[in-house]
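K.L.:
Have a peek at run03.tsv (TSV, C-alpha atoms).
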chain	number	residue	atom	x	y	z
A	24	MET	CA	-20.50	33.68	20.26
A	25	THR	CA	-17.44	35.12	22.00
A	26	ARG	CA	-17.02	34.09	25.65
A	27	VAL	CA	-14.96	36.41	27.85
A	28	LEU	CA	-13.70	35.68	31.35
A	29	PHE	CA	-13.38	38.85	33.48
A	30	VAL	CA	-11.09	38.53	36.50
A	31	ASP	CA	-11.34	41.50	38.91
A	32	ASP	CA	-12.07	41.88	42.62
A	33	GLU	CA	-14.11	45.09	42.24
A	34	PRO	CA	-17.63	44.22	43.50
A	35	ASP	CA	-19.54	46.46	41.06
A	36	LEU	CA	-17.70	45.43	37.90
A	37	GLU	CA	-19.93	42.50	36.97
A	38	ALA	CA	-23.13	44.58	37.01
A	39	LEU	CA	-21.43	47.38	35.09
A	40	ILE	CA	-20.13	45.04	32.36
A	41	ARG	CA	-23.50	43.35	31.94
A	42	GLN	CA	-25.16	46.75	31.63
A	43	LYS	CA	-22.69	48.11	29.05
A	44	PHE	CA	-22.82	44.94	26.90
A	45	ARG	CA	-26.49	44.05	27.40
A	46	ARG	CA	-27.37	44.29	23.68
A	47	LYS	CA	-24.56	41.98	22.63
A	48	ILE	CA	-25.43	39.62	25.47
A	49	LEU	CA	-29.08	39.55	24.39
A	50	ASP	CA	-28.33	38.98	20.71
A	51	GLY	CA	-25.90	36.20	21.62
A	52	THR	CA	-22.71	37.71	20.18
A	53	VAL	CA	-20.89	37.81	23.53
A	54	SER	CA	-21.17	36.20	26.97
A	55	PHE	CA	-19.22	36.77	30.18
A	56	LEU	CA	-17.91	34.78	33.10
A	57	PHE	CA	-16.64	36.55	36.23
A	58	ALA	CA	-14.01	35.64	38.80
A	59	HIS	CA	-12.64	37.67	41.72
A	60	ASP	CA	-9.05	36.42	41.63
A	61	GLY	CA	-6.69	34.12	39.76
A	62	ILE	CA	-7.57	30.98	41.69
A	63	GLU	CA	-11.28	31.39	41.00
A	64	ALA	CA	-10.48	32.13	37.35
A	65	LEU	CA	-8.51	28.90	36.92
A	66	ALA	CA	-11.39	26.94	38.48
A	67	LEU	CA	-13.86	28.49	36.01
A	68	LEU	CA	-11.56	27.76	33.08
A	69	ALA	CA	-11.39	24.14	34.16
A	70	GLN	CA	-15.21	23.99	34.05
A	71	HIS	CA	-15.70	25.96	30.82
A	72	GLY	CA	-13.60	24.90	27.87
A	73	ASP	CA	-15.14	27.43	25.49
A	74	VAL	CA	-13.61	30.63	26.88
A	75	ASP	CA	-12.13	32.72	24.06
A	76	MET	CA	-10.18	35.32	26.05
A	77	VAL	CA	-9.39	36.59	29.53
A	78	VAL	CA	-9.58	40.19	30.78
A	79	SER	CA	-7.71	40.38	34.08
A	80	ASP	CA	-6.86	43.00	36.66
A	81	LEU	CA	-3.29	42.97	37.98
A	82	ASN	CA	-3.85	43.59	41.68
A	83	MET	CA	-6.05	40.93	43.28
A	84	PRO	CA	-6.04	38.83	46.47
A	85	ARG	CA	-4.84	35.19	46.65
A	86	MET	CA	-3.49	35.14	43.03
A	87	ASP	CA	-2.69	38.36	41.18
A	88	GLY	CA	-2.88	39.01	37.46
A	89	LEU	CA	0.81	38.34	36.72
A	90	SER	CA	0.63	34.94	38.42
A	91	LEU	CA	-2.58	34.13	36.54
A	92	LEU	CA	-0.98	35.19	33.25
A	93	GLN	CA	1.96	32.87	33.90
A	94	ARG	CA	-0.38	29.93	34.53
A	95	LEU	CA	-2.33	30.72	31.35
A	96	GLN	CA	0.89	30.84	29.31
A	97	GLU	CA	1.90	27.44	30.66
A	98	ALA	CA	-1.30	25.82	29.31
A	99	ASP	CA	-1.27	23.84	26.06
A	100	GLU	CA	-3.77	26.25	24.53
A	101	LYS	CA	-2.69	29.74	25.54
A	102	LEU	CA	-5.67	32.06	25.96
A	103	SER	CA	-5.29	35.60	24.68
A	104	THR	CA	-5.22	37.83	27.76
A	105	ILE	CA	-5.97	41.55	28.17
A	106	ILE	CA	-4.41	43.09	31.28
A	107	VAL	CA	-6.20	45.93	33.13
A	108	SER	CA	-4.49	48.25	35.62
A	109	ALA	CA	-3.95	51.88	36.53
A	110	TYR	CA	-1.47	54.16	34.76
A	111	GLY	CA	0.63	54.21	37.90
A	112	ASP	CA	1.22	50.46	37.54
A	113	MET	CA	2.84	50.77	34.10
A	114	ALA	CA	5.92	48.77	35.15
A	115	ASN	CA	3.74	45.73	35.90
A	116	ILE	CA	1.80	46.25	32.67
A	117	ARG	CA	5.10	46.20	30.76
A	118	THR	CA	6.06	42.99	32.60
A	119	ALA	CA	2.70	41.45	31.65
A	120	MET	CA	3.18	42.32	27.98
A	121	ASN	CA	6.65	40.81	28.06
A	122	ARG	CA	5.17	37.64	29.55
A	123	GLY	CA	2.68	37.18	26.73
A	124	ALA	CA	-0.32	39.44	27.38
A	125	PHE	CA	-2.04	40.31	24.11
A	126	ASP	CA	-3.05	43.88	25.05
A	127	PHE	CA	-3.73	46.13	28.04
A	128	LEU	CA	-6.31	48.67	29.27
A	129	THR	CA	-5.99	51.31	31.95
A	130	LYS	CA	-8.35	52.13	34.79
A	131	PRO	CA	-10.82	53.63	35.01
A	132	ILE	CA	-12.02	51.48	32.12
A	133	ASP	CA	-13.20	53.26	28.99
A	134	PHE	CA	-15.94	50.89	27.83
A	135	GLY	CA	-15.69	52.02	24.22
A	136	ASP	CA	-11.99	51.19	24.34
A	137	LEU	CA	-12.83	47.90	26.06
A	138	GLU	CA	-15.27	46.94	23.30
A	139	THR	CA	-12.74	47.83	20.57
A	140	THR	CA	-10.02	45.85	22.32
A	141	ILE	CA	-12.28	42.81	22.74
A	142	ASP	CA	-13.21	42.95	19.02
A	143	LYS	CA	-9.53	43.16	18.06
A	144	THR	CA	-8.72	40.24	20.34
A	145	VAL	CA	-11.57	38.19	18.85
A	146	ARG	CA	-10.10	38.70	15.38
A	147	HIS	CA	-6.71	37.62	16.71
A	148	VAL	CA	-8.22	34.51	18.32
A	149	GLU	CA	-10.06	33.62	15.11
A	150	ALA	CA	-6.86	34.01	13.10
A	151	LEU	CA	-5.04	31.69	15.51
A	152	ARG	CA	-7.83	29.12	15.32
A	153	GLU	CA	-7.82	29.25	11.52
A	154	ALA	CA	-4.05	28.73	11.52
A	155	ARG	CA	-4.42	25.76	13.88
A	156	ARG	CA	-7.25	24.38	11.73
A	157	ARG	CA	-5.08	24.57	8.62
A	158	GLN	CA	-2.17	22.99	10.44
A	159	SER	CA	-4.41	20.18	11.66
A	160	ALA	CA	-5.81	19.68	8.15
A	161	ALA	CA	-2.28	19.60	6.75
A	162	GLU	CA	-1.23	17.03	9.34
A	163	ARG	CA	-4.24	14.85	8.51
A	164	ALA	CA	-3.49	15.20	4.81
A	165	ARG	CA	0.16	14.37	5.43
A	166	ALA	CA	-0.81	11.26	7.39
A	167	SER	CA	-3.11	10.17	4.56
A	168	LEU	CA	-0.66	10.99	1.80
A	169	ALA	CA	2.17	9.22	3.61
A	170	ARG	CA	0.39	5.92	2.89
A	171	TYR	CA	0.85	6.48	-0.84
A	172	PHE	CA	3.79	8.79	-1.41
A	173	SER	CA	7.39	9.01	-0.30
A	174	PRO	CA	7.85	11.21	2.81
A	175	ASN	CA	9.36	14.08	0.80
A	176	LEU	CA	6.54	14.06	-1.72
A	177	ALA	CA	3.86	13.69	0.97
A	178	GLU	CA	5.27	16.73	2.76
A	179	LYS	CA	5.19	18.74	-0.47
A	180	LEU	CA	1.62	17.76	-1.31
A	181	ALA	CA	0.33	18.30	2.23
A	182	SER	CA	1.74	21.83	2.31
A	183	ASP	CA	0.05	22.67	-1.01
A	184	GLY	CA	-3.72	22.66	-0.57
A	185	GLU	CA	-4.38	22.65	-4.32
A	186	ALA	CA	-1.99	19.77	-4.97
A	187	VAL	CA	-3.96	17.43	-2.68
A	188	ASP	CA	-7.07	17.92	-4.84
A	189	LEU	CA	-5.22	16.50	-7.80
A	190	GLY	CA	-7.99	15.76	-10.26
A	191	GLY	CA	-7.19	13.96	-13.51
A	192	GLN	CA	-4.06	14.62	-15.58
A	193	ARG	CA	-2.59	12.92	-18.64
A	194	ARG	CA	1.14	12.40	-18.25
A	195	ASP	CA	3.93	9.95	-18.97
A	196	VAL	CA	4.51	7.52	-16.12
A	197	ALA	CA	6.31	4.31	-15.39
A	198	ALA	CA	3.86	1.77	-13.98
A	199	LEU	CA	5.00	-1.19	-11.90
A	200	PHE	CA	2.96	-4.16	-10.70
A	201	THR	CA	3.96	-6.88	-8.24
A	202	ASP	CA	2.23	-10.12	-7.29
A	203	ILE	CA	3.13	-13.11	-5.12
A	204	SER	CA	2.80	-16.41	-6.97
A	205	GLY	CA	0.54	-19.01	-5.40
A	206	PHE	CA	-0.52	-16.68	-2.63
A	207	THR	CA	-4.26	-17.40	-2.87
A	208	THR	CA	-3.63	-21.11	-2.33
A	209	LEU	CA	-1.24	-20.39	0.53
A	210	VAL	CA	-3.80	-18.19	2.29
A	211	GLU	CA	-6.20	-21.13	2.54
A	212	THR	CA	-3.66	-23.01	4.67
A	213	LEU	CA	-2.63	-20.14	6.97
A	214	GLU	CA	-4.22	-19.12	10.24
A	215	PRO	CA	-5.10	-15.42	10.72
A	216	GLU	CA	-2.46	-15.01	13.43
A	217	THR	CA	0.16	-16.05	10.85
A	218	LEU	CA	-1.26	-14.30	7.78
A	219	GLY	CA	-1.59	-10.92	9.48
A	220	PRO	CA	2.06	-10.55	10.57
A	221	LEU	CA	3.26	-11.99	7.24
A	222	LEU	CA	1.38	-9.47	5.13
A	223	ASN	CA	2.14	-6.54	7.42
A	224	GLU	CA	5.84	-7.30	7.37
A	225	TYR	CA	5.84	-7.83	3.60
A	226	PHE	CA	3.92	-4.67	2.73
A	227	GLY	CA	5.93	-2.61	5.21
A	228	ALA	CA	9.24	-3.73	3.74
A	229	MET	CA	8.08	-3.30	0.13
A	230	ALA	CA	6.60	0.15	0.80
A	231	ASP	CA	9.90	1.25	2.35
A	232	VAL	CA	11.65	0.26	-0.88
A	233	VAL	CA	9.10	2.15	-3.01
A	234	PHE	CA	9.40	5.29	-0.92
A	235	ALA	CA	13.20	5.08	-0.89
A	236	HIS	CA	13.00	5.47	-4.69
A	237	ASP	CA	10.38	8.28	-4.41
A	238	GLY	CA	7.70	6.09	-5.93
A	239	THR	CA	3.95	6.44	-5.44
A	240	LEU	CA	2.16	3.46	-3.92
A	241	ALA	CA	-1.12	3.75	-5.80
A	242	LYS	CA	-2.88	0.58	-4.64
A	243	ILE	CA	-2.57	-2.56	-2.58
A	244	ILE	CA	-4.96	-5.22	-3.87
A	245	GLY	CA	-4.73	-8.54	-2.06
A	246	ASP	CA	-1.03	-9.34	-2.15
A	247	ALA	CA	-0.37	-7.13	-5.21
A	248	LEU	CA	1.17	-3.65	-5.34
A	249	HIS	CA	0.54	-1.00	-8.00
A	250	ILE	CA	3.34	1.58	-8.07
A	251	LEU	CA	3.80	4.72	-10.14
A	252	PHE	CA	6.81	6.84	-11.04
A	253	GLY	CA	6.44	10.25	-12.66
A	254	ALA	CA	3.21	11.11	-10.81
A	255	PRO	CA	2.00	13.13	-9.08
A	256	GLY	CA	5.32	15.01	-9.14
A	257	GLU	CA	7.47	15.36	-12.24
A	258	GLN	CA	10.34	12.83	-12.38
A	259	PRO	CA	12.36	13.12	-15.60
A	260	ASP	CA	14.21	9.93	-14.60
A	261	HIS	CA	11.06	7.99	-13.75
A	262	ALA	CA	12.03	5.04	-15.97
A	263	SER	CA	15.42	4.66	-14.26
A	264	ARG	CA	13.74	4.93	-10.86
A	265	ALA	CA	11.26	2.22	-11.84
A	266	ILE	CA	14.02	-0.20	-12.91
A	267	SER	CA	16.07	0.48	-9.77
A	268	CYS	CA	12.98	0.07	-7.62
A	269	ALA	CA	12.01	-3.20	-9.33
A	270	LEU	CA	15.45	-4.68	-8.66
A	271	ALA	CA	15.34	-3.53	-5.04
A	272	LEU	CA	11.82	-4.93	-4.60
A	273	ASP	CA	12.98	-8.25	-6.05
A	274	ALA	CA	15.88	-8.40	-3.57
A	275	CYS	CA	13.56	-7.44	-0.70
A	276	ALA	CA	10.97	-10.09	-1.67
A	277	GLN	CA	13.61	-12.81	-2.04
A	278	SER	CA	15.03	-12.00	1.39
A	279	PHE	CA	11.52	-12.03	2.80
A	280	ARG	CA	10.84	-15.46	1.29
A	281	GLU	CA	13.98	-16.87	2.89
A	282	ARG	CA	13.07	-15.52	6.33
A	283	TRP	CA	9.60	-17.03	6.21
A	284	ARG	CA	10.84	-20.28	4.73
A	285	ALA	CA	12.94	-20.64	7.87
A	286	ARG	CA	9.65	-20.43	9.81
A	287	GLY	CA	8.14	-23.20	7.71
A	288	ILE	CA	6.09	-20.98	5.38
A	289	GLY	CA	6.70	-21.62	1.67
A	290	LEU	CA	5.96	-18.26	0.10
A	291	GLY	CA	5.99	-17.98	-3.70
A	292	VAL	CA	8.21	-15.63	-5.67
A	293	THR	CA	7.18	-12.01	-6.20
A	294	ARG	CA	6.77	-11.26	-9.89
A	295	ILE	CA	7.17	-7.72	-11.20
A	296	GLY	CA	6.06	-6.06	-14.46
A	297	LEU	CA	7.04	-2.57	-15.73
A	298	HIS	CA	5.91	-0.41	-18.60
A	299	ASP	CA	6.22	3.27	-19.49
A	300	GLY	CA	3.84	5.52	-21.36
A	301	PRO	CA	0.92	7.95	-21.13
A	302	ALA	CA	-1.78	7.47	-18.50
A	303	ILE	CA	-4.52	9.47	-16.82
A	304	VAL	CA	-3.57	9.91	-13.20
A	305	GLY	CA	-5.33	11.63	-10.32
A	306	ASN	CA	-7.59	11.36	-7.31
A	307	PHE	CA	-10.62	9.36	-8.43
A	308	GLY	CA	-12.12	8.61	-5.02
A	309	GLY	CA	-15.07	10.97	-5.28
A	310	GLN	CA	-15.85	13.39	-2.48
A	311	ARG	CA	-15.40	10.92	0.37
A	312	PHE	CA	-12.22	9.00	-0.39
A	313	PHE	CA	-8.68	9.80	-1.42
A	314	ASP	CA	-7.84	7.29	-4.16
A	315	TYR	CA	-4.85	8.37	-6.21
A	316	THR	CA	-4.53	5.98	-9.13
A	317	ALA	CA	-3.87	5.73	-12.87
A	318	TYR	CA	-5.84	4.51	-15.89
A	319	GLY	CA	-4.88	3.66	-19.45
A	320	ASP	CA	-3.23	1.13	-21.72
A	321	THR	CA	0.14	1.74	-20.07
A	322	ILE	CA	-1.24	0.44	-16.79
A	323	ASN	CA	-2.85	-2.59	-18.41
A	324	ILE	CA	0.38	-3.53	-20.20
A	325	ALA	CA	2.40	-3.28	-16.98
A	326	ALA	CA	-0.06	-5.64	-15.28
A	327	ARG	CA	0.14	-8.12	-18.16
A	328	LEU	CA	3.93	-8.02	-18.17
A	329	GLU	CA	3.81	-8.97	-14.51
A	330	ALA	CA	1.63	-11.96	-15.41
A	331	ALA	CA	3.97	-12.86	-18.29
A	332	ASN	CA	6.71	-13.71	-15.80
A	333	LYS	CA	4.96	-16.97	-14.92
A	334	PRO	CA	5.30	-18.76	-18.29
A	335	LEU	CA	8.65	-17.08	-19.02
A	336	GLY	CA	10.21	-18.23	-15.75
A	337	THR	CA	11.39	-14.69	-14.91
A	338	ARG	CA	10.72	-12.54	-11.85
A	339	ILE	CA	11.00	-9.13	-13.53
A	340	CYS	CA	9.68	-8.28	-16.99
A	341	ALA	CA	10.25	-4.74	-18.27
A	342	SER	CA	9.06	-3.33	-21.57
A	343	GLY	CA	11.44	-1.91	-24.14
A	344	ARG	CA	9.76	1.47	-23.62
A	345	VAL	CA	11.18	1.53	-20.08
A	346	VAL	CA	14.57	0.04	-20.94
A	347	GLU	CA	15.32	2.43	-23.80
A	348	GLN	CA	15.17	5.37	-21.37
A	349	VAL	CA	17.72	3.92	-18.94
A	350	ASP	CA	21.36	4.73	-19.62
A	351	GLY	CA	23.62	1.75	-19.05
A	352	PHE	CA	20.72	-0.69	-18.70
A	353	LEU	CA	21.93	-4.03	-17.45
A	354	GLY	CA	19.87	-7.04	-18.45
A	355	ARG	CA	18.93	-9.30	-21.34
A	356	PRO	CA	16.22	-9.47	-23.99
A	357	ILE	CA	13.26	-11.75	-23.44
A	358	GLY	CA	11.59	-11.41	-26.83
A	359	GLU	CA	8.64	-9.73	-28.50
A	360	LEU	CA	5.59	-10.60	-26.45
A	361	MET	CA	2.16	-10.83	-28.05
A	362	LEU	CA	-0.04	-9.97	-25.08
A	363	ARG	CA	-3.69	-10.85	-24.95
A	364	GLY	CA	-5.86	-8.21	-26.59
A	365	ARG	CA	-2.99	-6.43	-28.37
A	366	ALA	CA	-2.23	-6.45	-32.09
A	367	GLU	CA	1.35	-5.23	-31.77
A	368	PRO	CA	4.13	-7.04	-29.88
A	369	ILE	CA	5.83	-5.58	-26.82
A	370	ALA	CA	9.61	-5.85	-26.65
A	371	ALA	CA	10.44	-7.25	-23.21
A	372	PHE	CA	13.64	-7.42	-21.16
A	373	GLU	CA	14.77	-8.98	-17.91
A	374	PRO	CA	16.72	-6.44	-15.78
A	375	VAL	CA	19.66	-7.78	-13.78
A	376	ALA	CA	21.16	-6.25	-10.66
A	377	PRO	CA	24.88	-5.41	-11.03
A	378	GLU	CA	25.85	-7.76	-8.18
A	379	PHE	CA	24.23	-10.69	-10.01
A	380	HIS	CA	25.53	-9.88	-13.47
A	381	ASP	CA	27.55	-12.79	-14.90
A	382	PRO	CA	29.36	-11.62	-18.07
A	383	GLU	CA	30.03	-15.16	-19.30
A	384	ALA	CA	26.44	-16.26	-18.82
A	385	SER	CA	25.18	-13.01	-20.36
A	386	ASP	CA	27.33	-13.50	-23.46
A	387	SER	CA	26.28	-17.13	-23.77
A	388	TYR	CA	22.58	-16.24	-23.57
A	389	GLY	CA	23.07	-13.29	-25.93
A	390	ARG	CA	24.65	-15.46	-28.63
A	391	ALA	CA	21.82	-17.99	-28.42
A	392	PHE	CA	19.19	-15.24	-28.47
A	393	THR	CA	20.75	-13.62	-31.54
A	394	LEU	CA	20.67	-16.96	-33.39
A	395	MET	CA	17.03	-17.44	-32.41
A	396	ARG	CA	16.12	-13.93	-33.59
A	397	GLU	CA	17.79	-14.60	-36.95
A	398	GLY	CA	15.92	-17.91	-37.34
A	399	ASP	CA	19.16	-19.89	-37.33
A	400	PRO	CA	18.65	-23.61	-36.51
A	401	GLU	CA	21.86	-23.46	-34.48
A	402	ALA	CA	19.87	-21.61	-31.83
A	403	VAL	CA	18.71	-24.97	-30.40
A	404	ALA	CA	22.25	-26.16	-29.82
A	405	ALA	CA	23.29	-22.76	-28.43
A	406	PHE	CA	20.45	-22.70	-25.91
A	407	ALA	CA	21.04	-26.36	-25.02
A	408	ALA	CA	24.69	-25.62	-24.30
A	409	HIS	CA	23.76	-22.56	-22.25
A	410	VAL	CA	21.18	-24.45	-20.17
A	411	GLY	CA	23.71	-27.25	-19.64
A	412	ALA	CA	26.15	-24.73	-18.18
A	413	HIS	CA	23.45	-22.79	-16.32
A	414	PRO	CA	20.69	-25.26	-15.41
A	415	GLY	CA	18.91	-22.73	-13.17
A	416	ASP	CA	18.28	-20.28	-16.04
A	417	GLN	CA	14.53	-20.62	-16.45
A	418	LEU	CA	14.21	-18.06	-19.27
A	419	ALA	CA	16.79	-19.92	-21.39
A	420	THR	CA	14.98	-23.19	-20.60
A	421	PHE	CA	11.72	-21.56	-21.77
A	422	HIS	CA	13.29	-20.62	-25.12
A	423	LEU	CA	14.87	-24.06	-25.54
A	424	LYS	CA	11.49	-25.75	-25.04
A	425	ARG	CA	9.89	-23.39	-27.57
A	426	LEU	CA	12.50	-24.21	-30.18
A	427	LEU	CA	12.26	-27.93	-29.53
A	428	ASN	CA	8.50	-27.69	-30.04
A	429	GLY	CA	8.95	-26.16	-33.47
A	430	ALA	CA	8.82	-22.44	-32.69
A	431	SER	CA	11.26	-19.98	-34.21
A	432	GLY	CA	12.12	-16.29	-33.90
A	433	VAL	CA	11.66	-14.11	-30.86
A	434	ARG	CA	7.94	-13.37	-31.15
A	435	ILE	CA	6.17	-15.10	-28.29
A	436	LEU	CA	2.41	-15.57	-28.06
A	437	LEU	CA	1.14	-15.48	-24.49
A	438	ASP	CA	-2.37	-16.30	-23.31
Any chance you could give the structure as structure tokens?
P.N.:
Amino acid sequence: MTRVLFVDDEPDLEALIRQKFRRKILDGTVSFLFAHDGIEALALLAQHGDVDMVVSDLNMPRMDGLSLLQRLQEADEKLSTIIVSAYGDMANIRTAMNRGAFDFLTKPIDFGDLETTIDKTVRHVEALREARRRQSAAERARASLARYFSPNLAEKLASDGEAVDLGGQRRDVAALFTDISGFTTLVETLEPETLGPLLNEYFGAMADVVFAHDGTLAKIIGDALHILFGAPGEQPDHASRAISCALALDACAQSFRERWRARGIGLGVTRIGLHDGPAIVGNFGGQRFFDYTAYGDTINIAARLEAANKPLGTRICASGRVVEQVDGFLGRPIGELMLRGRAEPIAAFEPVAPEFHDPEASDSYGRAFTLMREGDPEAVAAFAAHVGAHPGDQLATFHLKRLLNGASGVRILLD
């Protein structure tokens, strides 16, 4: 139903309007409110929030049509207004149009013209409402998407109605998993007023890092993050982004640990696993939920590489599939990991940030690793010498213990 507010001080106008529009009033397609001047009109508008348009005379007592129009244009939701006046008042009609009136009619009113003008105004009002509805939907979508995607990508997806309904796609992605060691045990000792701020600060900082690299935050499960690169938008350099993001996340998590250690909270290290390959990605939340995520062996391997950090003594474990796509990769080989449930080994590497790269230590480790790969017994002495010079190198210590326990080569069986 269209509701029209007529504002005119002519005493017979209300009866005349009701008579001319009686059929539409009876069938419920239109209804009218009547006011005799601008002040009365504003009072009615305050009482009735469902008015669709205003038809107002110009010359009225107390508050004229131009003053009423100005007040209507100052409102948050500007009502479409039709101005009515005599031909001789054309200067004021022109002023009204310049001030935002949608259309005008001349007196004496031609009711056929009035009906046509009202219909045209209704279509205009409906178009405005549809535009506002779409804008509101886009803003809601943007707010939802902003939880998962970088601001630039969220803006792009929110402005594309079809892109939000993503469905399932098979594409190459870089998958990244993070997890805080010992967090479940720590939670049992923390009070809610401590745990809440800790997690909120941690997730906020880590999400900022992900979005700074244009990553997609697919899931937060407990204290773990699942991050994607190369979806939903194409990223030809998704492997490089994933490595850069992993190093930045590691630095962020280490800084976070130090801040909370100063408060007396011993937070474990954040471990990170990365792999690259095909996956099925899309919105798999059904009709009620937006749940953009990924499925496939690539995702499972990334999760297992994250878990592999624990026995290896590393914080970041990236597959060779990721590393081979990164020009100028800086890091060192871990070995060929035999992950649970897989028949073929996964070549694994430990990325190193440029500011922490130690050429001497890298060369020392590299020589020992080469000897181990070749099955040379001198690998034990080489790793022992390296660990003696770099006692904090947990990966080298891991290899030394393997060799001392009779292992050889670079293939590593992990549970």
K.L.:
Excluding A:Arg152 and any residue of its chain fewer than 3 positions from it, enumerate the residues within 12 Å of it, using only C-alpha atoms, and give them as a PDB file with C-alpha atoms, keeping the file's coordinate frame.
P.N.:
ATOM      1  CA  ASP A  75     -12.130  32.720  24.060  1.00  0.00           C
ATOM      2  CA  GLU A 100      -3.770  26.250  24.530  1.00  0.00           C
ATOM      3  CA  LYS A 101      -2.690  29.740  25.540  1.00  0.00           C
ATOM      4  CA  LEU A 102      -5.670  32.060  25.960  1.00  0.00           C
ATOM      5  CA  SER A 103      -5.290  35.600  24.680  1.00  0.00           C
ATOM      6  CA  VAL A 145     -11.570  38.190  18.850  1.00  0.00           C
ATOM      7  CA  ARG A 146     -10.100  38.700  15.380  1.00  0.00           C
ATOM      8  CA  HIS A 147      -6.710  37.620  16.710  1.00  0.00           C
ATOM      9  CA  VAL A 148      -8.220  34.510  18.320  1.00  0.00           C
ATOM     10  CA  GLU A 149     -10.060  33.620  15.110  1.00  0.00           C
ATOM     11  CA  ARG A 155      -4.420  25.760  13.880  1.00  0.00           C
ATOM     12  CA  ARG A 156      -7.250  24.380  11.730  1.00  0.00           C
ATOM     13  CA  ARG A 157      -5.080  24.570   8.620  1.00  0.00           C
ATOM     14  CA  GLN A 158      -2.170  22.990  10.440  1.00  0.00           C
ATOM     15  CA  SER A 159      -4.410  20.180  11.660  1.00  0.00           C
TER      16      SER A 159
END
K.L.:
Show me, as a ChimeraX atom specification, the residues that have an atom within 7 Å of stretch 245-258 of chain A when counting all atoms listed in the file, minus same-chain residues fewer than 2 positions from it.
P.N.:
/A:195-203,238-243,260-261,265
K.L.:
Got time to write the residues from that selection, C-alpha atoms, as an mmCIF file, keeping the file's coordinate frame?
P.N.:
data_model
loop_
_atom_site.group_PDB
_atom_site.id
_atom_site.type_symbol
_atom_site.label_atom_id
_atom_site.label_comp_id
_atom_site.auth_asym_id
_atom_site.auth_seq_id
_atom_site.Cartn_x
_atom_site.Cartn_y
_atom_site.Cartn_z
ATOM 1 C CA ASP A 195 3.930 9.950 -18.970
ATOM 2 C CA VAL A 196 4.510 7.520 -16.120
ATOM 3 C CA ALA A 197 6.310 4.310 -15.390
ATOM 4 C CA ALA A 198 3.860 1.770 -13.980
ATOM 5 C CA LEU A 199 5.000 -1.190 -11.900
ATOM 6 C CA PHE A 200 2.960 -4.160 -10.700
ATOM 7 C CA THR A 201 3.960 -6.880 -8.240
ATOM 8 C CA ASP A 202 2.230 -10.120 -7.290
ATOM 9 C CA ILE A 203 3.130 -13.110 -5.120
ATOM 10 C CA GLY A 238 7.700 6.090 -5.930
ATOM 11 C CA THR A 239 3.950 6.440 -5.440
ATOM 12 C CA LEU A 240 2.160 3.460 -3.920
ATOM 13 C CA ALA A 241 -1.120 3.750 -5.800
ATOM 14 C CA LYS A 242 -2.880 0.580 -4.640
ATOM 15 C CA ILE A 243 -2.570 -2.560 -2.580
ATOM 16 C CA ASP A 260 14.210 9.930 -14.600
ATOM 17 C CA HIS A 261 11.060 7.990 -13.750
ATOM 18 C CA ALA A 265 11.260 2.220 -11.840
#
K.L.:
Edge lengths and centre in Å to one decimal, as JSON, is what I'm after for the box along x, y and z that holds all listed atoms of stretch 90-109 of chain A once 6 Å is added on each side.
P.N.:
{"center_x": -2.1, "center_y": 37.9, "center_z": 31.5, "size_x": 20.2, "size_y": 40.0, "size_z": 25.9}
K.L.:
Just to confirm, what's the straight-line distance from atom CA of A:Lys47 to atom CA of A:Ile141 in Å (one decimal)?
P.N.:
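That distance, rounded to one decimal, is 12.3 Å.
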K.L.:
Separation of atom CA of A:Gly336 and atom CA of A:Phe226, in Å?
P.N.:
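Atom CA of A:Phe226 lies at a distance of 23.8 Å from atom CA of A:Gly336.
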K.L.:
Pick the closest to A:Asp31 from A:Gln277, A:Ser108, A:Thr337, A:Thr321: which is it, counting all atoms listed in the file?
P.N.:
A:Ser108
K.L.:
Would you mind completing stretch 266-273 of chain A to N, CA and C atoms and writing the output as a CSV table (one decimal), in the coordinates of the input?
P.N.:
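Output (rebuild_12.csv):
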chain,number,residue,atom,x,y,z
A,266,ILE,N,13.1,1.0,-12.8
A,266,ILE,CA,14.0,-0.2,-12.9
A,266,ILE,C,14.8,-0.4,-11.6
A,267,SER,N,15.3,0.6,-11.0
A,267,SER,CA,16.1,0.5,-9.8
A,267,SER,C,15.2,0.0,-8.7
A,268,CYS,N,13.9,0.5,-8.6
A,268,CYS,CA,13.0,0.1,-7.6
A,268,CYS,C,12.6,-1.4,-7.8
A,269,ALA,N,12.4,-1.8,-9.1
A,269,ALA,CA,12.0,-3.2,-9.3
A,269,ALA,C,13.1,-4.2,-8.9
A,270,LEU,N,14.3,-3.8,-9.1
A,270,LEU,CA,15.4,-4.7,-8.7
A,270,LEU,C,15.5,-4.7,-7.1
A,271,ALA,N,15.3,-3.6,-6.5
A,271,ALA,CA,15.3,-3.5,-5.0
A,271,ALA,C,14.2,-4.3,-4.4
A,272,LEU,N,13.0,-4.2,-5.1
A,272,LEU,CA,11.8,-4.9,-4.6
A,272,LEU,C,12.1,-6.4,-4.7
A,273,ASP,N,12.7,-6.8,-5.8
A,273,ASP,CA,13.0,-8.2,-6.0
A,273,ASP,C,13.9,-8.8,-4.9
